[in-house]
file model-v3.pdb (PDB, C-alpha atoms)
ATOM      1  CA  MET J  19      87.986 139.362 116.724
ATOM      2  CA  SER J  20      87.220 141.753 113.933
ATOM      3  CA  ASP J  21      87.541 141.004 110.244
ATOM      4  CA  THR J  22      90.251 143.600 109.842
ATOM      5  CA  PRO J  23      92.996 142.998 112.410
ATOM      6  CA  PRO J  24      95.528 145.795 112.965
ATOM      7  CA  PRO J  25      98.238 145.566 110.305
ATOM      8  CA  ARG J  26     101.247 143.505 111.377
ATOM      9  CA  ARG J  27     104.540 142.830 109.686
ATOM     10  CA  GLY J  28     106.695 139.920 108.787
ATOM     11  CA  PHE J  29     105.913 136.221 108.636
ATOM     12  CA  TRP J  30     103.227 136.316 111.291
ATOM     13  CA  ALA J  31     101.373 139.018 109.405
ATOM     14  CA  TRP J  32     101.645 137.117 106.172
ATOM     15  CA  LEU J  33     100.367 133.979 107.918
ATOM     16  CA  THR J  34      97.375 135.505 109.633
ATOM     17  CA  ASN J  35      96.364 137.490 106.581
ATOM     18  CA  ASN J  36      96.811 134.635 104.154
ATOM     19  CA  VAL J  37      93.444 133.885 102.622
ATOM     20  CA  TRP J  38      93.952 130.093 102.830
ATOM     21  CA  VAL J  39      95.020 130.215 106.454
ATOM     22  CA  ARG J  40      91.995 132.321 107.205
ATOM     23  CA  THR J  41      89.749 129.878 105.391
ATOM     24  CA  ALA J  42      91.190 127.012 107.421
ATOM     25  CA  THR J  43      90.997 128.687 110.806
ATOM     26  CA  ARG J  44      87.563 130.320 110.640
ATOM     27  CA  PRO J  45      84.087 128.823 110.777
ATOM     28  CA  PRO J  46      82.940 128.048 107.243
ATOM     29  CA  VAL J  47      79.981 129.833 105.745
ATOM     30  CA  TYR J  48      78.956 127.328 103.125
ATOM     31  CA  LEU J  49      79.810 123.952 104.665
ATOM     32  CA  SER J  50      77.403 122.566 107.227
ATOM     33  CA  LEU J  51      78.423 120.903 110.481
ATOM     34  CA  ALA J  52      76.808 117.693 109.272
ATOM     35  CA  PHE J  53      78.925 117.736 106.124
ATOM     36  CA  LEU J  54      82.134 118.545 108.024
ATOM     37  CA  THR J  55      81.680 115.813 110.627
ATOM     38  CA  LEU J  56      80.675 113.261 107.995
ATOM     39  CA  GLY J  57      83.664 114.282 105.885
ATOM     40  CA  GLY J  58      85.990 113.979 108.867
ATOM     41  CA  PHE J  59      84.478 110.621 109.730
ATOM     42  CA  VAL J  60      84.915 109.210 106.232
ATOM     43  CA  ALA J  61      88.449 110.586 105.930
ATOM     44  CA  GLY J  62      89.284 109.066 109.338
ATOM     45  CA  VAL J  63      88.039 105.629 108.340
ATOM     46  CA  ALA J  64      89.941 105.825 105.051
ATOM     47  CA  PHE J  65      93.108 106.915 106.830
ATOM     48  CA  TRP J  66      92.927 104.144 109.386
ATOM     49  CA  GLY J  67      92.353 101.558 106.653
ATOM     50  CA  ALA J  68      95.264 102.849 104.592
ATOM     51  CA  PHE J  69      97.525 103.016 107.643
ATOM     52  CA  ASN J  70      96.836  99.423 108.624
ATOM     53  CA  THR J  71      97.161  98.192 105.068
ATOM     54  CA  ALA J  72     100.568  99.852 104.809
ATOM     55  CA  LEU J  73     101.569  98.369 108.168
ATOM     56  CA  GLU J  74     100.518  94.898 107.013
ATOM     57  CA  VAL J  75     102.390  95.193 103.735
ATOM     58  CA  ALA J  76     105.510  96.167 105.681
ATOM     59  CA  ASN J  77     104.974  93.042 107.799
ATOM     60  CA  THR J  78     105.188  90.458 105.031
ATOM     61  CA  GLU J  79     108.113  88.255 104.121
ATOM     62  CA  THR J  80     107.974  89.573 100.542
ATOM     63  CA  PHE J  81     108.663  93.036 101.926
ATOM     64  CA  CYS J  82     111.426  91.791 104.267
ATOM     65  CA  VAL J  83     113.327  90.013 101.490
ATOM     66  CA  GLY J  84     112.737  92.889  99.080
ATOM     67  CA  CYS J  85     116.368  93.896  99.554
ATOM     68  CA  HIS J  86     119.209  91.635  98.495
ATOM     69  CA  GLU J  87     120.854  91.979 101.927
ATOM     70  CA  MET J  88     118.109  89.812 103.466
ATOM     71  CA  ARG J  89     117.242  87.768 100.356
ATOM     72  CA  ASP J  90     120.782  86.535  99.657
ATOM     73  CA  ASN J  91     121.741  85.815 103.248
ATOM     74  CA  VAL J  92     119.248  84.965 105.994
ATOM     75  CA  TYR J  93     116.392  84.116 103.608
ATOM     76  CA  GLN J  94     118.479  81.458 101.814
ATOM     77  CA  GLU J  95     119.441  79.938 105.143
ATOM     78  CA  LEU J  96     115.876  79.767 106.410
ATOM     79  CA  GLN J  97     115.020  77.477 103.492
ATOM     80  CA  GLY J  98     115.943  74.039 104.685
ATOM     81  CA  THR J  99     115.170  74.601 108.348
ATOM     82  CA  ILE J 100     112.205  73.122 110.224
ATOM     83  CA  HIS J 101     110.475  76.502 110.019
ATOM     84  CA  TRP J 102     110.465  76.401 106.215
ATOM     85  CA  THR J 103     108.984  72.942 105.757
ATOM     86  CA  ASN J 104     107.677  70.591 108.447
ATOM     87  CA  PRO J 105     105.124  67.801 108.795
ATOM     88  CA  ALA J 106     102.438  70.228 109.948
ATOM     89  CA  GLY J 107     102.880  72.578 106.982
ATOM     90  CA  VAL J 108     103.235  75.651 109.178
ATOM     91  CA  ARG J 109     105.551  78.241 107.715
ATOM     92  CA  ALA J 110     107.187  80.768 110.016
ATOM     93  CA  THR J 111     107.886  84.011 108.117
ATOM     94  CA  CYS J 112     110.373  86.732 109.061
ATOM     95  CA  PRO J 113     107.866  88.924 110.941
ATOM     96  CA  ASP J 114     106.561  85.895 112.900
ATOM     97  CA  CYS J 115     109.920  85.746 114.660
ATOM     98  CA  HIS J 116     111.164  89.303 114.390
ATOM     99  CA  VAL J 117     108.202  91.651 114.852
ATOM    100  CA  PRO J 118     106.443  91.875 118.236
ATOM    101  CA  HIS J 119     102.627  91.792 118.249
ATOM    102  CA  PRO J 120     101.752  94.508 120.836
ATOM    103  CA  TRP J 121     100.988  97.684 118.895
ATOM    104  CA  THR J 122     103.488  99.985 120.626
ATOM    105  CA  LEU J 123     106.334  97.502 120.251
ATOM    106  CA  LYS J 124     105.427  96.885 116.625
ATOM    107  CA  ILE J 125     105.475 100.606 115.805
ATOM    108  CA  ALA J 126     108.763 100.991 117.684
ATOM    109  CA  ARG J 127     110.199  98.127 115.585
ATOM    110  CA  LYS J 128     108.987  99.791 112.402
ATOM    111  CA  MET J 129     110.719 103.016 113.380
ATOM    112  CA  GLN J 130     113.854 101.070 114.246
ATOM    113  CA  ALA J 131     113.825  99.977 110.600
ATOM    114  CA  SER J 132     114.728 103.542 109.679
ATOM    115  CA  LYS J 133     118.222 102.546 110.784
ATOM    116  CA  GLU J 134     118.025  99.621 108.351
ATOM    117  CA  VAL J 135     117.043 102.016 105.563
ATOM    118  CA  TRP J 136     120.108 104.063 106.478
ATOM    119  CA  GLY J 137     122.223 100.881 106.352
ATOM    120  CA  LYS J 138     120.770 100.022 102.953
ATOM    121  CA  VAL J 139     121.454 103.476 101.520
ATOM    122  CA  PHE J 140     125.072 103.435 102.700
ATOM    123  CA  GLY J 141     125.662  99.760 101.855
ATOM    124  CA  ILE J 142     126.615  98.702 105.394
ATOM    125  CA  ILE J 143     126.072  94.994 104.607
ATOM    126  CA  ASP J 144     125.836  95.033 100.806
ATOM    127  CA  THR J 145     128.270  92.145 100.328
ATOM    128  CA  ARG J 146     128.340  88.666 101.864
ATOM    129  CA  GLU J 147     131.661  89.505 103.539
ATOM    130  CA  LYS J 148     130.316  92.644 105.183
ATOM    131  CA  PHE J 149     127.226  90.759 106.288
ATOM    132  CA  LEU J 150     129.254  87.942 107.852
ATOM    133  CA  ALA J 151     131.492  90.455 109.597
ATOM    134  CA  LEU J 152     128.492  92.179 111.170
ATOM    135  CA  ARG J 153     126.484  89.022 111.863
ATOM    136  CA  PRO J 154     127.750  88.491 115.448
ATOM    137  CA  THR J 155     126.488  91.977 116.324
ATOM    138  CA  LEU J 156     123.155  91.519 114.564
ATOM    139  CA  ALA J 157     122.583  88.094 116.106
ATOM    140  CA  ALA J 158     123.491  89.435 119.557
ATOM    141  CA  HIS J 159     120.811  92.121 119.199
ATOM    142  CA  GLU J 160     118.131  89.506 118.446
ATOM    143  CA  TRP J 161     119.326  87.234 121.252
ATOM    144  CA  ALA J 162     119.224  90.088 123.755
ATOM    145  CA  ARG J 163     115.771  91.134 122.549
ATOM    146  CA  MET J 164     114.317  87.622 122.667
ATOM    147  CA  SER J 165     115.970  86.827 125.957
ATOM    148  CA  ALA J 166     114.416  89.939 127.498
ATOM    149  CA  ASN J 167     110.888  89.205 126.261
ATOM    150  CA  ARG J 168     111.195  85.521 127.165
ATOM    151  CA  SER J 169     111.014  84.526 123.486
ATOM    152  CA  ALA J 170     107.578  86.085 123.080
ATOM    153  CA  GLU J 171     107.612  85.602 119.288
ATOM    154  CA  CYS J 172     108.434  81.875 119.586
ATOM    155  CA  ARG J 173     105.650  81.521 122.136
ATOM    156  CA  ASN J 174     103.148  83.025 119.690
ATOM    157  CA  CYS J 175     103.313  79.612 118.007
ATOM    158  CA  HIS J 176     104.858  77.319 120.618
ATOM    159  CA  ASN J 177     103.204  76.980 124.002
ATOM    160  CA  PRO J 178     105.400  75.204 126.574
ATOM    161  CA  LEU J 179     102.274  74.036 128.417
ATOM    162  CA  SER J 180     101.000  72.362 125.260
ATOM    163  CA  MET J 181     104.182  70.369 124.756
ATOM    164  CA  ASP J 182     103.681  66.633 124.937
ATOM    165  CA  LEU J 183     106.908  65.837 126.720
ATOM    166  CA  ALA J 184     106.265  62.110 126.318
ATOM    167  CA  LYS J 185     106.530  62.530 122.562
ATOM    168  CA  GLN J 186     109.774  64.513 122.702
ATOM    169  CA  SER J 187     113.234  62.988 122.721
ATOM    170  CA  PRO J 188     114.333  62.189 126.275
ATOM    171  CA  GLN J 189     116.975  64.901 126.024
ATOM    172  CA  ALA J 190     114.440  67.512 124.951
ATOM    173  CA  ALA J 191     111.879  66.456 127.540
ATOM    174  CA  SER J 192     114.339  66.624 130.405
ATOM    175  CA  ALA J 193     115.728  70.000 129.332
ATOM    176  CA  HIS J 194     112.238  71.441 128.930
ATOM    177  CA  LYS J 195     111.019  70.019 132.213
ATOM    178  CA  ALA J 196     114.027  71.227 134.166
ATOM    179  CA  GLN J 197     114.453  74.699 132.758
ATOM    180  CA  LEU J 198     111.616  75.735 130.455
ATOM    181  CA  LEU J 199     108.586  74.768 132.502
ATOM    182  CA  THR J 200     110.204  76.147 135.643
ATOM    183  CA  GLY J 201     110.529  79.506 133.886
ATOM    184  CA  GLU J 202     114.257  79.514 134.410
ATOM    185  CA  LYS J 203     114.978  79.896 130.692
ATOM    186  CA  SER J 204     113.097  80.688 127.517
ATOM    187  CA  CYS J 205     113.415  79.161 124.046
ATOM    188  CA  ILE J 206     116.170  81.411 122.698
ATOM    189  CA  ASP J 207     118.453  80.719 125.669
ATOM    190  CA  CYS J 208     118.843  77.142 124.365
ATOM    191  CA  HIS J 209     117.688  77.273 120.722
ATOM    192  CA  LYS J 210     120.003  79.662 118.928
ATOM    193  CA  GLY J 211     120.629  79.352 115.215
ATOM    194  CA  ILE J 212     117.346  77.550 114.502
ATOM    195  CA  ALA J 213     116.463  79.740 111.511
ATOM    196  CA  HIS J 214     119.782  81.006 110.144
ATOM    197  CA  HIS J 215     123.411  79.963 110.340
ATOM    198  CA  LEU J 216     125.101  80.891 113.569
ATOM    199  CA  PRO J 217     127.748  83.624 113.505
ATOM    200  CA  GLU J 218     131.253  82.225 113.060
ATOM    201  CA  THR J 219     132.180  83.498 116.480
ATOM    202  CA  ALA J 220     129.403  81.608 118.246
ATOM    203  CA  LYS J 221     129.778  77.972 117.337
ATOM    204  CA  ALA J 222     127.151  75.631 118.633
ATOM    205  CA  ASP J 223     129.316  74.067 121.308
ATOM    206  CA  GLU J 224     129.843  77.433 122.963
ATOM    207  CA  ILE J 225     126.146  77.881 123.512
ATOM    208  CA  GLU J 226     124.764  76.326 126.619
ATOM    209  CA  GLY J 227     122.082  73.731 126.062
ATOM    210  CA  PHE J 228     122.418  73.794 122.280
ATOM    211  CA  ASP J 229     122.582  70.438 120.589
TER     212      ASP J 229
ATOM    213  CA  MET V   2      78.190 136.959  93.834
ATOM    214  CA  VAL V   3      81.636 136.364  92.410
ATOM    215  CA  VAL V   4      83.170 136.932  95.851
ATOM    216  CA  GLN V   5      80.771 134.412  97.402
ATOM    217  CA  GLU V   6      81.557 131.819  94.756
ATOM    218  CA  ALA V   7      85.263 132.272  95.410
ATOM    219  CA  ARG V   8      84.781 131.787  99.123
ATOM    220  CA  LYS V   9      82.646 128.686  98.644
ATOM    221  CA  TRP V  10      85.286 127.196  96.371
ATOM    222  CA  ARG V  11      88.028 128.016  98.885
ATOM    223  CA  GLU V  12      86.130 126.368 101.705
ATOM    224  CA  VAL V  13      85.588 123.169  99.754
ATOM    225  CA  LEU V  14      89.186 123.055  98.573
ATOM    226  CA  MET V  15      90.542 123.789 102.053
ATOM    227  CA  PHE V  16      88.319 121.048 103.451
ATOM    228  CA  LEU V  17      89.835 118.580 100.993
ATOM    229  CA  ILE V  18      93.414 119.723 101.624
ATOM    230  CA  LEU V  19      92.914 119.376 105.379
ATOM    231  CA  SER V  20      91.156 116.023 105.321
ATOM    232  CA  VAL V  21      93.215 114.169 102.710
ATOM    233  CA  PHE V  22      96.610 115.747 103.272
ATOM    234  CA  ILE V  23      97.285 117.876 106.348
ATOM    235  CA  TRP V  24      95.573 115.769 109.023
ATOM    236  CA  PRO V  25      96.831 112.441 107.656
ATOM    237  CA  VAL V  26     100.396 113.800 107.599
ATOM    238  CA  ILE V  27     100.041 115.074 111.172
ATOM    239  CA  ALA V  28      98.542 111.763 112.316
ATOM    240  CA  SER V  29     101.327 109.747 110.652
ATOM    241  CA  GLY V  30     103.909 112.065 112.142
ATOM    242  CA  PHE V  31     102.392 111.552 115.558
ATOM    243  CA  VAL V  32     102.567 107.745 115.243
ATOM    244  CA  ALA V  33     106.127 107.946 113.898
ATOM    245  CA  THR V  34     107.203 110.142 116.804
ATOM    246  CA  TYR V  35     105.533 107.775 119.249
ATOM    247  CA  GLY V  36     107.398 104.783 117.761
ATOM    248  CA  LEU V  37     110.661 106.703 117.631
ATOM    249  CA  ALA V  38     110.319 107.687 121.289
ATOM    250  CA  PHE V  39     109.888 104.052 122.315
ATOM    251  CA  TRP V  40     112.791 102.929 120.147
ATOM    252  CA  VAL V  41     115.083 105.507 121.745
ATOM    253  CA  TYR V  42     113.734 104.538 125.169
ATOM    254  CA  PHE V  43     114.549 100.865 124.496
ATOM    255  CA  ILE V  44     118.069 101.794 123.383
ATOM    256  CA  LEU V  45     118.584 103.435 126.775
ATOM    257  CA  SER V  46     116.676 100.992 128.982
ATOM    258  CA  GLY V  47     117.430  97.748 127.149
ATOM    259  CA  PRO V  48     114.874  95.673 125.229
ATOM    260  CA  PRO V  49     111.380  95.321 126.740
ATOM    261  CA  GLY V  50     110.397  92.384 128.935
ATOM    262  CA  PRO V  51     107.644  89.831 128.327
ATOM    263  CA  GLN V  52     104.259  91.299 127.382
TER     264      GLN V  52
END

call {"tool": "encode", "arguments": {"input": "model-v3.pdb", "output": "structure tokens"}}
result
Amino acid sequence: MSDTPPPRRGFWAWLTNNVWVRTATRPPVYLSLAFLTLGGFVAGVAFWGAFNTALEVANTETFCVGCHEMRDNVYQELQGTIHWTNPAGVRATCPDCHVPHPWTLKIARKMQASKEVWGKVFGIIDTREKFLALRPTLAAHEWARMSANRSAECRNCHNPLSMDLAKQSPQAASAHKAQLLTGEKSCIDCHKGIAHHLPETAKADEIEGFD
Amino acid sequence: MVVQEARKWREVLMFLILSVFIWPVIASGFVATYGLAFWVYFILSGPPGPQ
């Protein structure tokens, strides 16, 4: 490679002759390897920190109920359920139930939210009526997801093996013994509508095992 | 001398542009594409099983 390449035309010529492109793609004269690697190292650490901070901010309830679609509907309904206040003082937040922990699945869920941004921009559920009309679909998505992962998010807090069946109601103990501990079903198969109102089209008595 | 100063300045500036802007944007784009690919995959294959 010589310093004066044969003249070329068009975009490619502009690109390869551009002084900034040349600065970026050639070995530097004034910056040492030690400086460049240290700089890259520091920038990498800063990037990773910023990335994870942003990810954490996007995984808080404050962020989730930042739009009125969530704040005026599901968030209101959560207040008053066992997951809002309970004797143990444990508070389940939106991401505890709705965002998977494994990194790949979490990132995939974050990208899925681009569809929710789209929905926000075009006001897909910007009134209570529109929300209620779409709720059966939305609930079905969460049921299918939780059913497939065997209620992984519930099990982040609840461990079937740690259940003291003797302290549960006889009905609960027998259902858990017969179908949960055998692995036949997972939490969501029986416990729908524990955090928000059920869709109008899926009343409790239509759901198997729901009390 | 003036030419050398200009080159030194360009190298430092290009270093900053690359490290605080270009590479971070590429890295974020890579993660976003990765997540998007899995989302699309899950749409086609159904939601993932237990981890």

call {"tool": "atom_distance", "arguments": {"input": "model-v3.pdb", "atom1": "CA of Thr219 in chain J", "atom2": "CA of Trp136 in chain J"}}
result
25.9 Å

call {"tool": "residues_around", "arguments": {"input": "model-v3.pdb", "residues": "Trp10 in chain V", "least_positions_apart": "3", "cutoff": "12 Å", "atoms": "only C-alpha atoms", "output": "MDAnalysis selection string"}}
result
(chainID J and resid 38 41 46:49) or (chainID V and resid 3:7 13:17)

call {"tool": "closest_atom_pairs", "arguments": {"input": "model-v3.pdb", "of": "chain J", "to": "chain V", "cutoff": "8 Å", "atoms": "all atoms listed in the file", "output": "JSON lines"}}
result
{"residue": "J:Trp38", "atom": "CA", "partner": "V:Met15", "partner_atom": "CA", "distance": 7.2}
{"residue": "J:Thr41", "atom": "CA", "partner": "V:Glu12", "partner_atom": "CA", "distance": 6.2}
{"residue": "J:Ala42", "atom": "CA", "partner": "V:Met15", "partner_atom": "CA", "distance": 6.3}
{"residue": "J:Pro46", "atom": "CA", "partner": "V:Glu12", "partner_atom": "CA", "distance": 6.6}
{"residue": "J:Val47", "atom": "CA", "partner": "V:Lys9", "partner_atom": "CA", "distance": 7.7}
{"residue": "J:Tyr48", "atom": "CA", "partner": "V:Lys9", "partner_atom": "CA", "distance": 6.0}
{"residue": "J:Leu49", "atom": "CA", "partner": "V:Glu12", "partner_atom": "CA", "distance": 7.4}
{"residue": "J:Gly57", "atom": "CA", "partner": "V:Ser20", "partner_atom": "CA", "distance": 7.7}
{"residue": "J:Gly58", "atom": "CA", "partner": "V:Ser20", "partner_atom": "CA", "distance": 6.6}
{"residue": "J:Ala61", "atom": "CA", "partner": "V:Ser20", "partner_atom": "CA", "distance": 6.1}
{"residue": "J:Phe65", "atom": "CA", "partner": "V:Pro25", "partner_atom": "CA", "distance": 6.7}
{"residue": "J:Pro120", "atom": "CA", "partner": "V:Gln52", "partner_atom": "CA", "distance": 7.7}
{"residue": "J:Thr122", "atom": "CA", "partner": "V:Gly36", "partner_atom": "CA", "distance": 6.8}
{"residue": "J:Leu123", "atom": "CA", "partner": "V:Phe39", "partner_atom": "CA", "distance": 7.7}
{"residue": "J:Ile125", "atom": "CA", "partner": "V:Gly36", "partner_atom": "CA", "distance": 5.0}
{"residue": "J:Ala126", "atom": "CA", "partner": "V:Gly36", "partner_atom": "CA", "distance": 4.0}
{"residue": "J:Arg127", "atom": "CA", "partner": "V:Trp40", "partner_atom": "CA", "distance": 7.1}
{"residue": "J:Lys128", "atom": "CA", "partner": "V:Gly36", "partner_atom": "CA", "distance": 7.5}
{"residue": "J:Met129", "atom": "CA", "partner": "V:Leu37", "partner_atom": "CA", "distance": 5.6}
{"residue": "J:Gln130", "atom": "CA", "partner": "V:Trp40", "partner_atom": "CA", "distance": 6.3}
{"residue": "J:Ala162", "atom": "CA", "partner": "V:Pro48", "partner_atom": "CA", "distance": 7.2}
{"residue": "J:Arg163", "atom": "CA", "partner": "V:Pro48", "partner_atom": "CA", "distance": 5.3}
{"residue": "J:Ala166", "atom": "CA", "partner": "V:Gly50", "partner_atom": "CA", "distance": 4.9}
{"residue": "J:Asn167", "atom": "CA", "partner": "V:Pro51", "partner_atom": "CA", "distance": 3.9}
{"residue": "J:Arg168", "atom": "CA", "partner": "V:Pro51", "partner_atom": "CA", "distance": 5.7}
{"residue": "J:Ser169", "atom": "CA", "partner": "V:Pro51", "partner_atom": "CA", "distance": 7.9}
{"residue": "J:Ala170", "atom": "CA", "partner": "V:Pro51", "partner_atom": "CA", "distance": 6.4}

call {"tool": "atom_distance", "arguments": {"input": "model-v3.pdb", "atom1": "CA of Glu87 in chain J", "atom2": "CA of Gly141 in chain J"}}
result
9.1 Å

call {"tool": "resolve_selection", "arguments": {"input": "model-v3.pdb", "expression": "the PyMOL selection byres ((chain J and resi 78) around 12)", "output": "ChimeraX atom specification"}}
result
/J:71-77,79-84,110-117

call {"tool": "atom_distance", "arguments": {"input": "model-v3.pdb", "atom1": "CA of Pro118 in chain J", "atom2": "CA of Glu218 in chain J"}}
result
27.1 Å

call {"tool": "resolve_selection", "arguments": {"input": "model-v3.pdb", "expression": "the PyMOL selection byres ((chain J and resi 154) around 8)", "output": "list of chain:residue names"}}
result
J:Leu150, J:Ala151, J:Leu152, J:Arg153, J:Thr155, J:Leu156, J:Ala157, J:Ala158, J:Pro217, J:Glu218, J:Thr219, J:Ala220

call {"tool": "closest_residue", "arguments": {"input": "model-v3.pdb", "among": "J:Met181, J:Phe69, J:Asn36, J:Leu54", "to": "Gly30 in chain V", "atoms": "only C-alpha atoms"}}
result
J:Phe69

call {"tool": "decode", "arguments": {"input": "model-v3.pdb", "residues": "range 21-38 of chain V", "atoms": "N, CA, C and O atoms", "output": "PDB file, in the first residue's frame"}}
result
ATOM      1  N   VAL V  21     -16.047   6.686  21.872  1.00  0.00           N
ATOM      2  CA  VAL V  21     -17.273   7.061  22.587  1.00  0.00           C
ATOM      3  C   VAL V  21     -18.515   7.054  21.708  1.00  0.00           C
ATOM      4  O   VAL V  21     -19.624   7.077  22.224  1.00  0.00           O
ATOM      5  N   PHE V  22     -18.337   6.979  20.391  1.00  0.00           N
ATOM      6  CA  PHE V  22     -19.539   6.985  19.556  1.00  0.00           C
ATOM      7  C   PHE V  22     -19.658   5.762  18.643  1.00  0.00           C
ATOM      8  O   PHE V  22     -20.578   4.958  18.788  1.00  0.00           O
ATOM      9  N   ILE V  23     -18.710   5.605  17.724  1.00  0.00           N
ATOM     10  CA  ILE V  23     -18.876   4.579  16.687  1.00  0.00           C
ATOM     11  C   ILE V  23     -18.942   3.160  17.269  1.00  0.00           C
ATOM     12  O   ILE V  23     -19.897   2.425  17.010  1.00  0.00           O
ATOM     13  N   TRP V  24     -17.955   2.789  18.087  1.00  0.00           N
ATOM     14  CA  TRP V  24     -18.005   1.421  18.635  1.00  0.00           C
ATOM     15  C   TRP V  24     -19.199   1.181  19.545  1.00  0.00           C
ATOM     16  O   TRP V  24     -19.856   0.140  19.433  1.00  0.00           O
ATOM     17  N   PRO V  25     -19.536   2.112  20.444  1.00  0.00           N
ATOM     18  CA  PRO V  25     -20.741   1.895  21.246  1.00  0.00           C
ATOM     19  C   PRO V  25     -22.007   1.712  20.397  1.00  0.00           C
ATOM     20  O   PRO V  25     -22.853   0.870  20.713  1.00  0.00           O
ATOM     21  N   VAL V  26     -22.141   2.496  19.327  1.00  0.00           N
ATOM     22  CA  VAL V  26     -23.321   2.362  18.473  1.00  0.00           C
ATOM     23  C   VAL V  26     -23.333   0.986  17.805  1.00  0.00           C
ATOM     24  O   VAL V  26     -24.359   0.304  17.756  1.00  0.00           O
ATOM     25  N   ILE V  27     -22.142   0.552  17.327  1.00  0.00           N
ATOM     26  CA  ILE V  27     -22.068  -0.763  16.688  1.00  0.00           C
ATOM     27  C   ILE V  27     -22.387  -1.865  17.698  1.00  0.00           C
ATOM     28  O   ILE V  27     -23.144  -2.801  17.412  1.00  0.00           O
ATOM     29  N   ALA V  28     -21.843  -1.728  18.922  1.00  0.00           N
ATOM     30  CA  ALA V  28     -22.079  -2.752  19.937  1.00  0.00           C
ATOM     31  C   ALA V  28     -23.565  -2.824  20.299  1.00  0.00           C
ATOM     32  O   ALA V  28     -24.151  -3.909  20.391  1.00  0.00           O
ATOM     33  N   SER V  29     -24.194  -1.643  20.483  1.00  0.00           N
ATOM     34  CA  SER V  29     -25.625  -1.625  20.798  1.00  0.00           C
ATOM     35  C   SER V  29     -26.437  -2.221  19.653  1.00  0.00           C
ATOM     36  O   SER V  29     -27.389  -2.969  19.877  1.00  0.00           O
ATOM     37  N   GLY V  30     -26.047  -1.880  18.449  1.00  0.00           N
ATOM     38  CA  GLY V  30     -26.743  -2.419  17.279  1.00  0.00           C
ATOM     39  C   GLY V  30     -26.625  -3.922  17.211  1.00  0.00           C
ATOM     40  O   GLY V  30     -27.587  -4.620  16.878  1.00  0.00           O
ATOM     41  N   PHE V  31     -25.481  -4.431  17.596  1.00  0.00           N
ATOM     42  CA  PHE V  31     -25.263  -5.875  17.594  1.00  0.00           C
ATOM     43  C   PHE V  31     -26.193  -6.553  18.607  1.00  0.00           C
ATOM     44  O   PHE V  31     -26.860  -7.535  18.294  1.00  0.00           O
ATOM     45  N   VAL V  32     -26.263  -5.987  19.817  1.00  0.00           N
ATOM     46  CA  VAL V  32     -27.138  -6.558  20.856  1.00  0.00           C
ATOM     47  C   VAL V  32     -28.604  -6.478  20.422  1.00  0.00           C
ATOM     48  O   VAL V  32     -29.369  -7.429  20.575  1.00  0.00           O
ATOM     49  N   ALA V  33     -28.978  -5.321  19.835  1.00  0.00           N
ATOM     50  CA  ALA V  33     -30.359  -5.150  19.386  1.00  0.00           C
ATOM     51  C   ALA V  33     -30.709  -6.175  18.309  1.00  0.00           C
ATOM     52  O   ALA V  33     -31.779  -6.796  18.338  1.00  0.00           O
ATOM     53  N   THR V  34     -29.802  -6.396  17.378  1.00  0.00           N
ATOM     54  CA  THR V  34     -30.042  -7.367  16.319  1.00  0.00           C
ATOM     55  C   THR V  34     -30.166  -8.775  16.885  1.00  0.00           C
ATOM     56  O   THR V  34     -31.024  -9.559  16.468  1.00  0.00           O
ATOM     57  N   TYR V  35     -29.320  -9.066  17.842  1.00  0.00           N
ATOM     58  CA  TYR V  35     -29.347 -10.369  18.526  1.00  0.00           C
ATOM     59  C   TYR V  35     -30.718 -10.599  19.177  1.00  0.00           C
ATOM     60  O   TYR V  35     -31.362 -11.624  18.962  1.00  0.00           O
ATOM     61  N   GLY V  36     -31.187  -9.578  19.938  1.00  0.00           N
ATOM     62  CA  GLY V  36     -32.488  -9.681  20.601  1.00  0.00           C
ATOM     63  C   GLY V  36     -33.619  -9.798  19.592  1.00  0.00           C
ATOM     64  O   GLY V  36     -34.519 -10.625  19.743  1.00  0.00           O
ATOM     65  N   LEU V  37     -33.534  -8.996  18.546  1.00  0.00           N
ATOM     66  CA  LEU V  37     -34.557  -9.004  17.501  1.00  0.00           C
ATOM     67  C   LEU V  37     -34.641 -10.377  16.839  1.00  0.00           C
ATOM     68  O   LEU V  37     -35.728 -10.915  16.602  1.00  0.00           O
ATOM     69  N   ALA V  38     -33.480 -10.971  16.581  1.00  0.00           N
ATOM     70  CA  ALA V  38     -33.436 -12.285  15.938  1.00  0.00           C
ATOM     71  C   ALA V  38     -34.147 -13.323  16.808  1.00  0.00           C
ATOM     72  O   ALA V  38     -34.939 -14.134  16.314  1.00  0.00           O
TER      73      ALA V  38
END
